[in-house]
Amino acid sequence: MDLKKKILKLKEKLDVTIVAHFYQRDEVFELADITGDSLELAKKAMETPSKYILFCGVGFMGESVKVLSPQKRVLMPKIACCAMARMIDVDYFDECLQKLNDIGIKNEDLLPITYINSSAAVKARVGEMGGMVCTSSNAYKIIEKGLKSGKKIFFVPDRCLGQNFAKSLHLKSSVIGDGSNINEADIICYNGFCSVHQLFSVEDIEFYRNKYPDILIAVHPECDPKVCDAADFVGSTSQLITFIKELPKEQKVAVGTEYNMVNRLRKKNTFILSSTKPECPTMNETTLEDVYKTLLEIEKEQEAPYANEILVDEDVVKWAKVALERMFEV
Ligand code: 13P
Ligand code: SF4
């Protein structure tokens, strides 16, 4: 029996839901019960009645499910960590606050917002300070809501997302450490980024526009602000999918996001906006073999934690949950 059949057979016996992000390899993605962008996955995985969640994605996604539903057992076939999420921890977060305090911006003048691509510990720190989480599909609304507090937004960890949404809200942004005037900024961004989305450039856009004058360019907001400015559409993974699926068949579109997702979208007239193959290395780590091995582990129904089970400290759960729930309220 091939591996896929073995997985499906085993899955039928178990109280498990397989969840996969759009950036997963095709063979893993095809097996999932639930697929979606970061926001959809967090919500849908929380709502499923299954005792076990087998999460194919990156660490912060599995952690968000565990924080939202601590009674569930969340296992990841590979505990792969998003490189951007690793760019910030609570110490770096506090160091930044100190730098801001040193130039006269007090903690009480700041409302922190963390992109969901961050650890549960960072989310908890943000929650404790009265802040909230956002994803690429709701960042506009969340920042808009945050600004109603009358405070400056301290946005972590993705500087591009912070800068892009500041622009769309006609606000001033500044990145810590880039030499710009932080005191004048409405949104102060941490200097994190996604190395995959940095691969898309304005030159790539020019290349496609010269080659196909009627082509549309659609990109993820983790791309550089210059790339987003030059694009026709900017959206989260789900928003990109909807945008592209609604285009007439003959409309050419070049897409600036992860390779696996773009490749699966529409075989004709859809191009990857890069001369490279922009695969997310950590999203790509999970294989069918890993999924099968994890199901075999789940079959044991062991009480003790599994080696690849997501566990989050109770203290962290408390405040990270507050930060996530504030996002859901918006
Ligand atoms: P989405 O929330 O749009 O799925 O993005 C997650 C991500 O990591 C993109 O790089
Ligand atoms: Fe993280 Fe970038 Fe991979 Fe998304 S594409 S999971 S932001 S490293």
# chains A, B, ... in the order shown; residues from 1 in each chain; ligands from 1
call {"tool": "select_by_dssp", "arguments": {"residues": "stretch 44-117 of chain A", "states": "helix (DSSP H, G or I)", "output": "PyMOL selection string"}}
result
chain A and resi 44-47+59-68+85-87+90-102+107-109
call {"tool": "residues_around", "arguments": {"residues": "stretch 306-309 of chain A", "least_positions_apart": "4", "cutoff": "10 Å", "atoms": "only C-alpha atoms", "output": "PDB file with all heavy atoms, in the first residue's frame"}}
result
ATOM      1  N   ILE A  53      -4.742  17.410  17.068  1.00  0.00           N
ATOM      2  CA  ILE A  53      -4.543  18.220  15.868  1.00  0.00           C
ATOM      3  C   ILE A  53      -3.152  17.896  15.337  1.00  0.00           C
ATOM      4  O   ILE A  53      -2.164  18.007  16.074  1.00  0.00           O
ATOM      5  CB  ILE A  53      -4.603  19.745  16.190  1.00  0.00           C
ATOM      6  CG1 ILE A  53      -5.935  20.144  16.834  1.00  0.00           C
ATOM      7  CG2 ILE A  53      -4.306  20.588  14.951  1.00  0.00           C
ATOM      8  CD1 ILE A  53      -7.132  20.114  15.915  1.00  0.00           C
ATOM      9  N   LEU A  54      -3.099  17.459  14.103  1.00  0.00           N
ATOM     10  CA  LEU A  54      -1.801  17.209  13.474  1.00  0.00           C
ATOM     11  C   LEU A  54      -1.560  18.403  12.549  1.00  0.00           C
ATOM     12  O   LEU A  54      -2.240  18.554  11.535  1.00  0.00           O
ATOM     13  CB  LEU A  54      -1.854  15.897  12.703  1.00  0.00           C
ATOM     14  CG  LEU A  54      -0.522  15.319  12.236  1.00  0.00           C
ATOM     15  CD1 LEU A  54      -0.645  13.821  12.057  1.00  0.00           C
ATOM     16  CD2 LEU A  54      -0.069  15.950  10.957  1.00  0.00           C
ATOM     17  N   PHE A  55      -0.664  19.290  12.975  1.00  0.00           N
ATOM     18  CA  PHE A  55      -0.508  20.576  12.303  1.00  0.00           C
ATOM     19  C   PHE A  55       0.688  20.593  11.367  1.00  0.00           C
ATOM     20  O   PHE A  55       1.829  20.467  11.810  1.00  0.00           O
ATOM     21  CB  PHE A  55      -0.384  21.703  13.345  1.00  0.00           C
ATOM     22  CG  PHE A  55      -0.815  23.029  12.802  1.00  0.00           C
ATOM     23  CD1 PHE A  55      -1.911  23.687  13.325  1.00  0.00           C
ATOM     24  CD2 PHE A  55      -0.147  23.615  11.745  1.00  0.00           C
ATOM     25  CE1 PHE A  55      -2.331  24.920  12.812  1.00  0.00           C
ATOM     26  CE2 PHE A  55      -0.554  24.826  11.221  1.00  0.00           C
ATOM     27  CZ  PHE A  55      -1.643  25.478  11.754  1.00  0.00           C
ATOM     28  N   GLY A  62       1.111  26.139  15.240  1.00  0.00           N
ATOM     29  CA  GLY A  62       0.740  25.093  16.192  1.00  0.00           C
ATOM     30  C   GLY A  62       0.551  25.680  17.587  1.00  0.00           C
ATOM     31  O   GLY A  62      -0.399  25.339  18.304  1.00  0.00           O
ATOM     32  N   GLU A  63       1.443  26.598  17.950  1.00  0.00           N
ATOM     33  CA  GLU A  63       1.341  27.237  19.279  1.00  0.00           C
ATOM     34  C   GLU A  63       0.031  28.013  19.415  1.00  0.00           C
ATOM     35  O   GLU A  63      -0.596  27.975  20.473  1.00  0.00           O
ATOM     36  CB  GLU A  63       2.502  28.222  19.459  1.00  0.00           C
ATOM     37  CG  GLU A  63       3.743  27.629  20.041  1.00  0.00           C
ATOM     38  CD  GLU A  63       4.743  28.700  20.471  1.00  0.00           C
ATOM     39  OE1 GLU A  63       4.574  29.895  20.128  1.00  0.00           O
ATOM     40  OE2 GLU A  63       5.697  28.344  21.154  1.00  0.00           O
ATOM     41  N   LYS A  66      -2.715  25.678  20.284  1.00  0.00           N
ATOM     42  CA  LYS A  66      -2.586  25.200  21.666  1.00  0.00           C
ATOM     43  C   LYS A  66      -3.034  26.285  22.654  1.00  0.00           C
ATOM     44  O   LYS A  66      -3.707  26.002  23.638  1.00  0.00           O
ATOM     45  CB  LYS A  66      -1.123  24.796  21.931  1.00  0.00           C
ATOM     46  CG  LYS A  66      -0.890  24.166  23.278  1.00  0.00           C
ATOM     47  CD  LYS A  66      -1.512  22.781  23.366  1.00  0.00           C
ATOM     48  CE  LYS A  66      -1.410  22.201  24.758  1.00  0.00           C
ATOM     49  NZ  LYS A  66      -2.169  20.941  24.882  1.00  0.00           N
ATOM     50  N   ARG A  73      -4.558  18.195  22.006  1.00  0.00           N
ATOM     51  CA  ARG A  73      -3.156  17.788  21.889  1.00  0.00           C
ATOM     52  C   ARG A  73      -2.706  18.114  20.475  1.00  0.00           C
ATOM     53  O   ARG A  73      -3.233  17.578  19.501  1.00  0.00           O
ATOM     54  CB  ARG A  73      -3.001  16.313  22.240  1.00  0.00           C
ATOM     55  CG  ARG A  73      -3.497  16.078  23.663  1.00  0.00           C
ATOM     56  CD  ARG A  73      -3.042  14.798  24.226  1.00  0.00           C
ATOM     57  NE  ARG A  73      -1.614  14.724  24.456  1.00  0.00           N
ATOM     58  CZ  ARG A  73      -1.009  13.672  25.011  1.00  0.00           C
ATOM     59  NH1 ARG A  73      -1.725  12.632  25.374  1.00  0.00           N
ATOM     60  NH2 ARG A  73       0.295  13.660  25.179  1.00  0.00           N
ATOM     61  N   VAL A  74      -1.771  19.054  20.393  1.00  0.00           N
ATOM     62  CA  VAL A  74      -1.323  19.538  19.083  1.00  0.00           C
ATOM     63  C   VAL A  74       0.050  18.944  18.785  1.00  0.00           C
ATOM     64  O   VAL A  74       1.004  19.151  19.535  1.00  0.00           O
ATOM     65  CB  VAL A  74      -1.245  21.089  19.064  1.00  0.00           C
ATOM     66  CG1 VAL A  74      -0.864  21.592  17.670  1.00  0.00           C
ATOM     67  CG2 VAL A  74      -2.561  21.706  19.528  1.00  0.00           C
ATOM     68  N   LEU A  75       0.118  18.183  17.699  1.00  0.00           N
ATOM     69  CA  LEU A  75       1.399  17.588  17.301  1.00  0.00           C
ATOM     70  C   LEU A  75       1.793  18.132  15.942  1.00  0.00           C
ATOM     71  O   LEU A  75       0.937  18.313  15.070  1.00  0.00           O
ATOM     72  CB  LEU A  75       1.290  16.060  17.221  1.00  0.00           C
ATOM     73  CG  LEU A  75       1.456  15.309  18.551  1.00  0.00           C
ATOM     74  CD1 LEU A  75       0.173  15.363  19.352  1.00  0.00           C
ATOM     75  CD2 LEU A  75       1.826  13.862  18.296  1.00  0.00           C
ATOM     76  N   MET A  76       3.086  18.387  15.778  1.00  0.00           N
ATOM     77  CA  MET A  76       3.565  18.845  14.472  1.00  0.00           C
ATOM     78  C   MET A  76       4.532  17.809  13.925  1.00  0.00           C
ATOM     79  O   MET A  76       5.497  17.442  14.613  1.00  0.00           O
ATOM     80  CB  MET A  76       4.244  20.204  14.609  1.00  0.00           C
ATOM     81  CG  MET A  76       3.276  21.264  15.112  1.00  0.00           C
ATOM     82  SD  MET A  76       3.873  22.951  14.957  1.00  0.00           S
ATOM     83  CE  MET A  76       3.784  23.226  13.196  1.00  0.00           C
ATOM     84  N   PRO A  77       4.294  17.334  12.692  1.00  0.00           N
ATOM     85  CA  PRO A  77       5.191  16.316  12.129  1.00  0.00           C
ATOM     86  C   PRO A  77       6.644  16.802  12.138  1.00  0.00           C
ATOM     87  O   PRO A  77       7.560  16.035  12.354  1.00  0.00           O
ATOM     88  CB  PRO A  77       4.683  16.137  10.697  1.00  0.00           C
ATOM     89  CG  PRO A  77       3.287  16.636  10.709  1.00  0.00           C
ATOM     90  CD  PRO A  77       3.205  17.683  11.767  1.00  0.00           C
ATOM     91  N   LYS A  78       6.840  18.096  11.920  1.00  0.00           N
ATOM     92  CA  LYS A  78       8.159  18.728  12.048  1.00  0.00           C
ATOM     93  C   LYS A  78       7.934  20.022  12.812  1.00  0.00           C
ATOM     94  O   LYS A  78       7.086  20.823  12.394  1.00  0.00           O
ATOM     95  CB  LYS A  78       8.734  19.087  10.676  1.00  0.00           C
ATOM     96  CG  LYS A  78       9.457  17.981   9.956  1.00  0.00           C
ATOM     97  CD  LYS A  78      10.946  17.893  10.333  1.00  0.00           C
ATOM     98  CE  LYS A  78      11.568  16.566  10.006  1.00  0.00           C
ATOM     99  NZ  LYS A  78      11.654  16.294   8.597  1.00  0.00           N
ATOM    100  N   ILE A  79       8.683  20.214  13.902  1.00  0.00           N
ATOM    101  CA  ILE A  79       8.514  21.492  14.591  1.00  0.00           C
ATOM    102  C   ILE A  79       9.417  22.496  13.878  1.00  0.00           C
ATOM    103  O   ILE A  79      10.507  22.826  14.314  1.00  0.00           O
ATOM    104  CB  ILE A  79       8.760  21.379  16.107  1.00  0.00           C
ATOM    105  CG1 ILE A  79       7.844  20.281  16.648  1.00  0.00           C
ATOM    106  CG2 ILE A  79       8.509  22.723  16.781  1.00  0.00           C
ATOM    107  CD1 ILE A  79       7.600  20.243  18.115  1.00  0.00           C
ATOM    108  N   THR A 294       3.858  10.552  12.661  1.00  0.00           N
ATOM    109  CA  THR A 294       3.133  11.256  13.733  1.00  0.00           C
ATOM    110  C   THR A 294       1.791  10.578  14.006  1.00  0.00           C
ATOM    111  O   THR A 294       1.376  10.450  15.165  1.00  0.00           O
ATOM    112  CB  THR A 294       2.946  12.747  13.350  1.00  0.00           C
ATOM    113  OG1 THR A 294       4.219  13.260  12.994  1.00  0.00           O
ATOM    114  CG2 THR A 294       2.374  13.563  14.484  1.00  0.00           C
ATOM    115  N   GLU A 297       2.357   7.685  16.173  1.00  0.00           N
ATOM    116  CA  GLU A 297       2.544   8.132  17.563  1.00  0.00           C
ATOM    117  C   GLU A 297       1.181   8.362  18.226  1.00  0.00           C
ATOM    118  O   GLU A 297       0.935   7.926  19.346  1.00  0.00           O
ATOM    119  CB  GLU A 297       3.331   9.458  17.597  1.00  0.00           C
ATOM    120  CG  GLU A 297       4.792   9.331  17.258  1.00  0.00           C
ATOM    121  CD  GLU A 297       5.536   8.494  18.277  1.00  0.00           C
ATOM    122  OE1 GLU A 297       5.433   8.804  19.472  1.00  0.00           O
ATOM    123  OE2 GLU A 297       6.191   7.513  17.868  1.00  0.00           O
ATOM    124  N   ILE A 298       0.311   9.057  17.498  1.00  0.00           N
ATOM    125  CA  ILE A 298      -1.020   9.376  18.045  1.00  0.00           C
ATOM    126  C   ILE A 298      -1.775   8.082  18.361  1.00  0.00           C
ATOM    127  O   ILE A 298      -2.488   7.986  19.364  1.00  0.00           O
ATOM    128  CB  ILE A 298      -1.806  10.285  17.053  1.00  0.00           C
ATOM    129  CG1 ILE A 298      -1.156  11.665  16.992  1.00  0.00           C
ATOM    130  CG2 ILE A 298      -3.282  10.384  17.428  1.00  0.00           C
ATOM    131  CD1 ILE A 298      -1.743  12.627  15.965  1.00  0.00           C
ATOM    132  N   GLU A 301      -1.829   6.736  21.828  1.00  0.00           N
ATOM    133  CA  GLU A 301      -2.644   7.449  22.842  1.00  0.00           C
ATOM    134  C   GLU A 301      -1.895   7.597  24.148  1.00  0.00           C
ATOM    135  O   GLU A 301      -2.437   7.357  25.226  1.00  0.00           O
ATOM    136  CB  GLU A 301      -3.968   6.699  23.082  1.00  0.00           C
ATOM    137  CG  GLU A 301      -4.915   6.732  21.921  1.00  0.00           C
ATOM    138  CD  GLU A 301      -6.167   7.538  22.188  1.00  0.00           C
ATOM    139  OE1 GLU A 301      -6.172   8.349  23.113  1.00  0.00           O
ATOM    140  OE2 GLU A 301      -7.135   7.351  21.433  1.00  0.00           O
ATOM    141  N   GLN A 302      -0.626   7.976  24.104  1.00  0.00           N
ATOM    142  CA  GLN A 302       0.133   8.062  25.354  1.00  0.00           C
ATOM    143  C   GLN A 302      -0.240   9.311  26.155  1.00  0.00           C
ATOM    144  O   GLN A 302      -0.591  10.339  25.589  1.00  0.00           O
ATOM    145  CB  GLN A 302       1.638   8.020  25.071  1.00  0.00           C
ATOM    146  CG  GLN A 302       2.219   9.293  24.479  1.00  0.00           C
ATOM    147  CD  GLN A 302       3.693   9.153  24.168  1.00  0.00           C
ATOM    148  OE1 GLN A 302       4.162   8.108  23.718  1.00  0.00           O
ATOM    149  NE2 GLN A 302       4.449  10.207  24.420  1.00  0.00           N
TER     150      GLN A 302
END
call {"tool": "residues_near_ligand", "arguments": {"ligand": "ligand 2", "cutoff": "12 Å", "atoms": "only C-alpha atoms and all ligand atoms", "output": "JSON, numbers by chain"}}
result
{"A": [21, 22, 23, 24, 37, 38, 56, 57, 58, 59, 60, 61, 80, 81, 82, 83, 84, 85, 86, 87, 115, 116, 117, 118, 119, 135, 136, 157, 158, 159, 160, 161, 192, 193, 194, 195, 196, 197, 198, 199, 220, 221, 222, 223, 236, 237, 256, 257, 258, 259, 260, 261, 278, 279, 280, 281, 282, 283, 284, 285]}
call {"tool": "select_by_dssp", "arguments": {"residues": "stretch 22-117 of chain A", "states": "strand (DSSP E)", "output": "list in words"}}
result
Ile34, Thr35, Gly36, Tyr52, Ile53, Leu54, Phe55, Cys56, Arg73, Val74, Leu75, Leu110, Leu111, Pro112, Ile113, Thr114 and Tyr115 of chain A
call {"tool": "write_last_selection", "arguments": {"atoms": "all heavy atoms", "output": "CSV table (one decimal), in the first residue's frame"}}
result
chain,number,residue,atom,x,y,z
A,34,ILE,N,-8.3,20.4,7.0
A,34,ILE,CA,-8.5,21.9,7.1
A,34,ILE,C,-7.3,22.6,6.4
A,34,ILE,O,-6.1,22.2,6.7
A,34,ILE,CB,-8.6,22.4,8.5
A,34,ILE,CG1,-9.8,21.8,9.2
A,34,ILE,CG2,-8.6,23.9,8.6
A,34,ILE,CD1,-9.9,22.1,10.7
A,35,THR,N,-7.5,23.5,5.5
A,35,THR,CA,-6.5,24.3,4.9
A,35,THR,C,-6.8,25.8,5.1
A,35,THR,O,-8.0,26.1,5.2
A,35,THR,CB,-6.2,24.0,3.4
A,35,THR,OG1,-7.5,24.2,2.7
A,35,THR,CG2,-5.8,22.5,3.2
A,36,GLY,N,-5.9,26.6,5.0
A,36,GLY,CA,-6.2,28.1,5.0
A,36,GLY,C,-5.0,28.9,5.3
A,36,GLY,O,-3.9,28.4,5.3
A,52,TYR,N,-7.0,15.4,18.9
A,52,TYR,CA,-5.7,15.6,18.3
A,52,TYR,C,-5.7,16.5,17.1
A,52,TYR,O,-6.5,16.3,16.2
A,52,TYR,CB,-5.0,14.3,17.9
A,52,TYR,CG,-4.6,13.4,19.1
A,52,TYR,CD1,-5.5,12.4,19.6
A,52,TYR,CD2,-3.4,13.5,19.7
A,52,TYR,CE1,-5.2,11.6,20.7
A,52,TYR,CE2,-3.1,12.8,20.8
A,52,TYR,CZ,-3.9,11.8,21.3
A,52,TYR,OH,-3.6,11.0,22.4
A,53,ILE,N,-4.7,17.4,17.1
A,53,ILE,CA,-4.5,18.2,15.9
A,53,ILE,C,-3.2,17.9,15.3
A,53,ILE,O,-2.2,18.0,16.1
A,53,ILE,CB,-4.6,19.7,16.2
A,53,ILE,CG1,-5.9,20.1,16.8
A,53,ILE,CG2,-4.3,20.6,15.0
A,53,ILE,CD1,-7.1,20.1,15.9
A,54,LEU,N,-3.1,17.5,14.1
A,54,LEU,CA,-1.8,17.2,13.5
A,54,LEU,C,-1.6,18.4,12.5
A,54,LEU,O,-2.2,18.6,11.5
A,54,LEU,CB,-1.9,15.9,12.7
A,54,LEU,CG,-0.5,15.3,12.2
A,54,LEU,CD1,-0.6,13.8,12.1
A,54,LEU,CD2,-0.1,16.0,11.0
A,55,PHE,N,-0.7,19.3,13.0
A,55,PHE,CA,-0.5,20.6,12.3
A,55,PHE,C,0.7,20.6,11.4
A,55,PHE,O,1.8,20.5,11.8
A,55,PHE,CB,-0.4,21.7,13.3
A,55,PHE,CG,-0.8,23.0,12.8
A,55,PHE,CD1,-1.9,23.7,13.3
A,55,PHE,CD2,-0.1,23.6,11.7
A,55,PHE,CE1,-2.3,24.9,12.8
A,55,PHE,CE2,-0.6,24.8,11.2
A,55,PHE,CZ,-1.6,25.5,11.8
A,56,CYS,N,0.4,20.7,10.1
A,56,CYS,CA,1.5,20.8,9.1
A,56,CYS,C,1.7,22.3,8.7
A,56,CYS,O,0.9,22.9,8.0
A,56,CYS,CB,1.2,20.1,7.8
A,56,CYS,SG,0.7,18.4,8.2
A,73,ARG,N,-4.6,18.2,22.0
A,73,ARG,CA,-3.2,17.8,21.9
A,73,ARG,C,-2.7,18.1,20.5
A,73,ARG,O,-3.2,17.6,19.5
A,73,ARG,CB,-3.0,16.3,22.2
A,73,ARG,CG,-3.5,16.1,23.7
A,73,ARG,CD,-3.0,14.8,24.2
A,73,ARG,NE,-1.6,14.7,24.5
A,73,ARG,CZ,-1.0,13.7,25.0
A,73,ARG,NH1,-1.7,12.6,25.4
A,73,ARG,NH2,0.3,13.7,25.2
A,74,VAL,N,-1.8,19.1,20.4
A,74,VAL,CA,-1.3,19.5,19.1
A,74,VAL,C,0.0,18.9,18.8
A,74,VAL,O,1.0,19.2,19.5
A,74,VAL,CB,-1.2,21.1,19.1
A,74,VAL,CG1,-0.9,21.6,17.7
A,74,VAL,CG2,-2.6,21.7,19.5
A,75,LEU,N,0.1,18.2,17.7
A,75,LEU,CA,1.4,17.6,17.3
A,75,LEU,C,1.8,18.1,15.9
A,75,LEU,O,0.9,18.3,15.1
A,75,LEU,CB,1.3,16.1,17.2
A,75,LEU,CG,1.5,15.3,18.6
A,75,LEU,CD1,0.2,15.4,19.4
A,75,LEU,CD2,1.8,13.9,18.3
A,110,LEU,N,2.5,53.5,24.2
A,110,LEU,CA,2.6,52.5,23.1
A,110,LEU,C,1.6,51.5,23.2
A,110,LEU,O,1.3,51.0,24.3
A,110,LEU,CB,4.0,51.8,23.2
A,110,LEU,CG,5.2,52.7,22.9
A,110,LEU,CD1,6.5,51.9,23.3
A,110,LEU,CD2,5.3,53.0,21.4
A,111,LEU,N,1.0,51.1,22.0
A,111,LEU,CA,0.1,49.9,22.0
A,111,LEU,C,0.8,48.9,21.1
A,111,LEU,O,1.0,49.1,19.9
A,111,LEU,CB,-1.2,50.3,21.4
A,111,LEU,CG,-2.1,49.0,21.5
A,111,LEU,CD1,-3.0,49.1,22.8
A,111,LEU,CD2,-3.1,48.9,20.3
A,112,PRO,N,1.3,47.8,21.7
A,112,PRO,CA,2.0,46.8,20.8
A,112,PRO,C,1.0,45.9,20.0
A,112,PRO,O,-0.1,45.5,20.5
A,112,PRO,CB,2.8,45.9,21.9
A,112,PRO,CG,2.0,46.1,23.1
A,112,PRO,CD,1.3,47.4,23.1
A,113,ILE,N,1.4,45.7,18.8
A,113,ILE,CA,0.6,44.7,18.0
A,113,ILE,C,1.7,43.7,17.4
A,113,ILE,O,2.7,44.1,16.9
A,113,ILE,CB,-0.1,45.4,16.8
A,113,ILE,CG1,-1.2,46.4,17.4
A,113,ILE,CG2,-0.7,44.4,15.9
A,113,ILE,CD1,-2.0,47.1,16.4
A,114,THR,N,1.4,42.5,17.6
A,114,THR,CA,2.3,41.5,17.0
A,114,THR,C,1.6,40.7,15.9
A,114,THR,O,0.5,40.3,16.0
A,114,THR,CB,2.9,40.5,18.1
A,114,THR,OG1,3.8,39.6,17.4
A,114,THR,CG2,1.8,39.7,18.8
A,115,TYR,N,2.4,40.6,14.8
A,115,TYR,CA,2.0,39.8,13.7
A,115,TYR,C,1.9,38.3,14.3
A,115,TYR,O,2.7,38.0,15.2
A,115,TYR,CB,3.0,39.9,12.6
A,115,TYR,CG,2.8,39.2,11.3
A,115,TYR,CD1,1.5,39.1,10.8
A,115,TYR,CD2,3.8,38.8,10.5
A,115,TYR,CE1,1.2,38.5,9.6
A,115,TYR,CE2,3.6,38.2,9.2
A,115,TYR,CZ,2.3,38.1,8.8
A,115,TYR,OH,2.1,37.5,7.6
call {"tool": "closest_residue", "arguments": {"among": "A:Val234, A:Leu171, A:Ile176, A:Leu68", "to": "ligand 1", "atoms": "only C-alpha atoms and all ligand atoms"}}
result
A:Val234
call {"tool": "atom_distance", "arguments": {"atom1": "atom CA of A:Gly130", "atom2": "atom CA of A:Asn164"}}
result
23.1 Å
call {"tool": "atom_distance", "arguments": {"atom1": "atom CA of A:Phe243", "atom2": "atom CA of A:Leu324"}}
result
26.7 Å
call {"tool": "atom_distance", "arguments": {"atom1": "atom CA of A:Val19", "atom2": "atom CA of A:Leu3"}}
result
17.9 Å
call {"tool": "closest_residue", "arguments": {"among": "A:Lys5, A:Arg125, A:Lys252, A:Lys11", "to": "A:Lys321", "atoms": "only C-alpha atoms"}}
result
A:Arg125
call {"tool": "closest_residue", "arguments": {"among": "A:Ala139, A:Val322, A:Lys249, A:Phe165", "to": "ligand 1", "atoms": "only C-alpha atoms and all ligand atoms"}}
result
A:Ala139
call {"tool": "residues_around", "arguments": {"residues": "A:Arg266", "least_positions_apart": "2", "cutoff": "10 Å", "atoms": "only C-alpha atoms", "output": "list in words"}}
result
Ile241, Ile244, Lys245, Lys249, Val253, Met261, Val262, Asn263, Arg264, Lys268, Asn269, Thr270 and Phe271 of chain A
call {"tool": "closest_residue", "arguments": {"among": "A:Leu273, A:Val133, A:Met1, A:Val122", "to": "ligand 1", "atoms": "only C-alpha atoms and all ligand atoms"}}
result
A:Val133
call {"tool": "residues_around", "arguments": {"residues": "A:Ile187", "least_positions_apart": "2", "cutoff": "8 Å", "atoms": "only C-alpha atoms", "output": "PyMOL selection string"}}
result
chain A and resi 152-155+162-163+166+171-174+185+189
call {"tool": "closest_residue", "arguments": {"among": "A:Val255, A:Val330, A:Cys134, A:Ile310", "to": "ligand 1", "atoms": "only C-alpha atoms and all ligand atoms"}}
result
A:Cys134
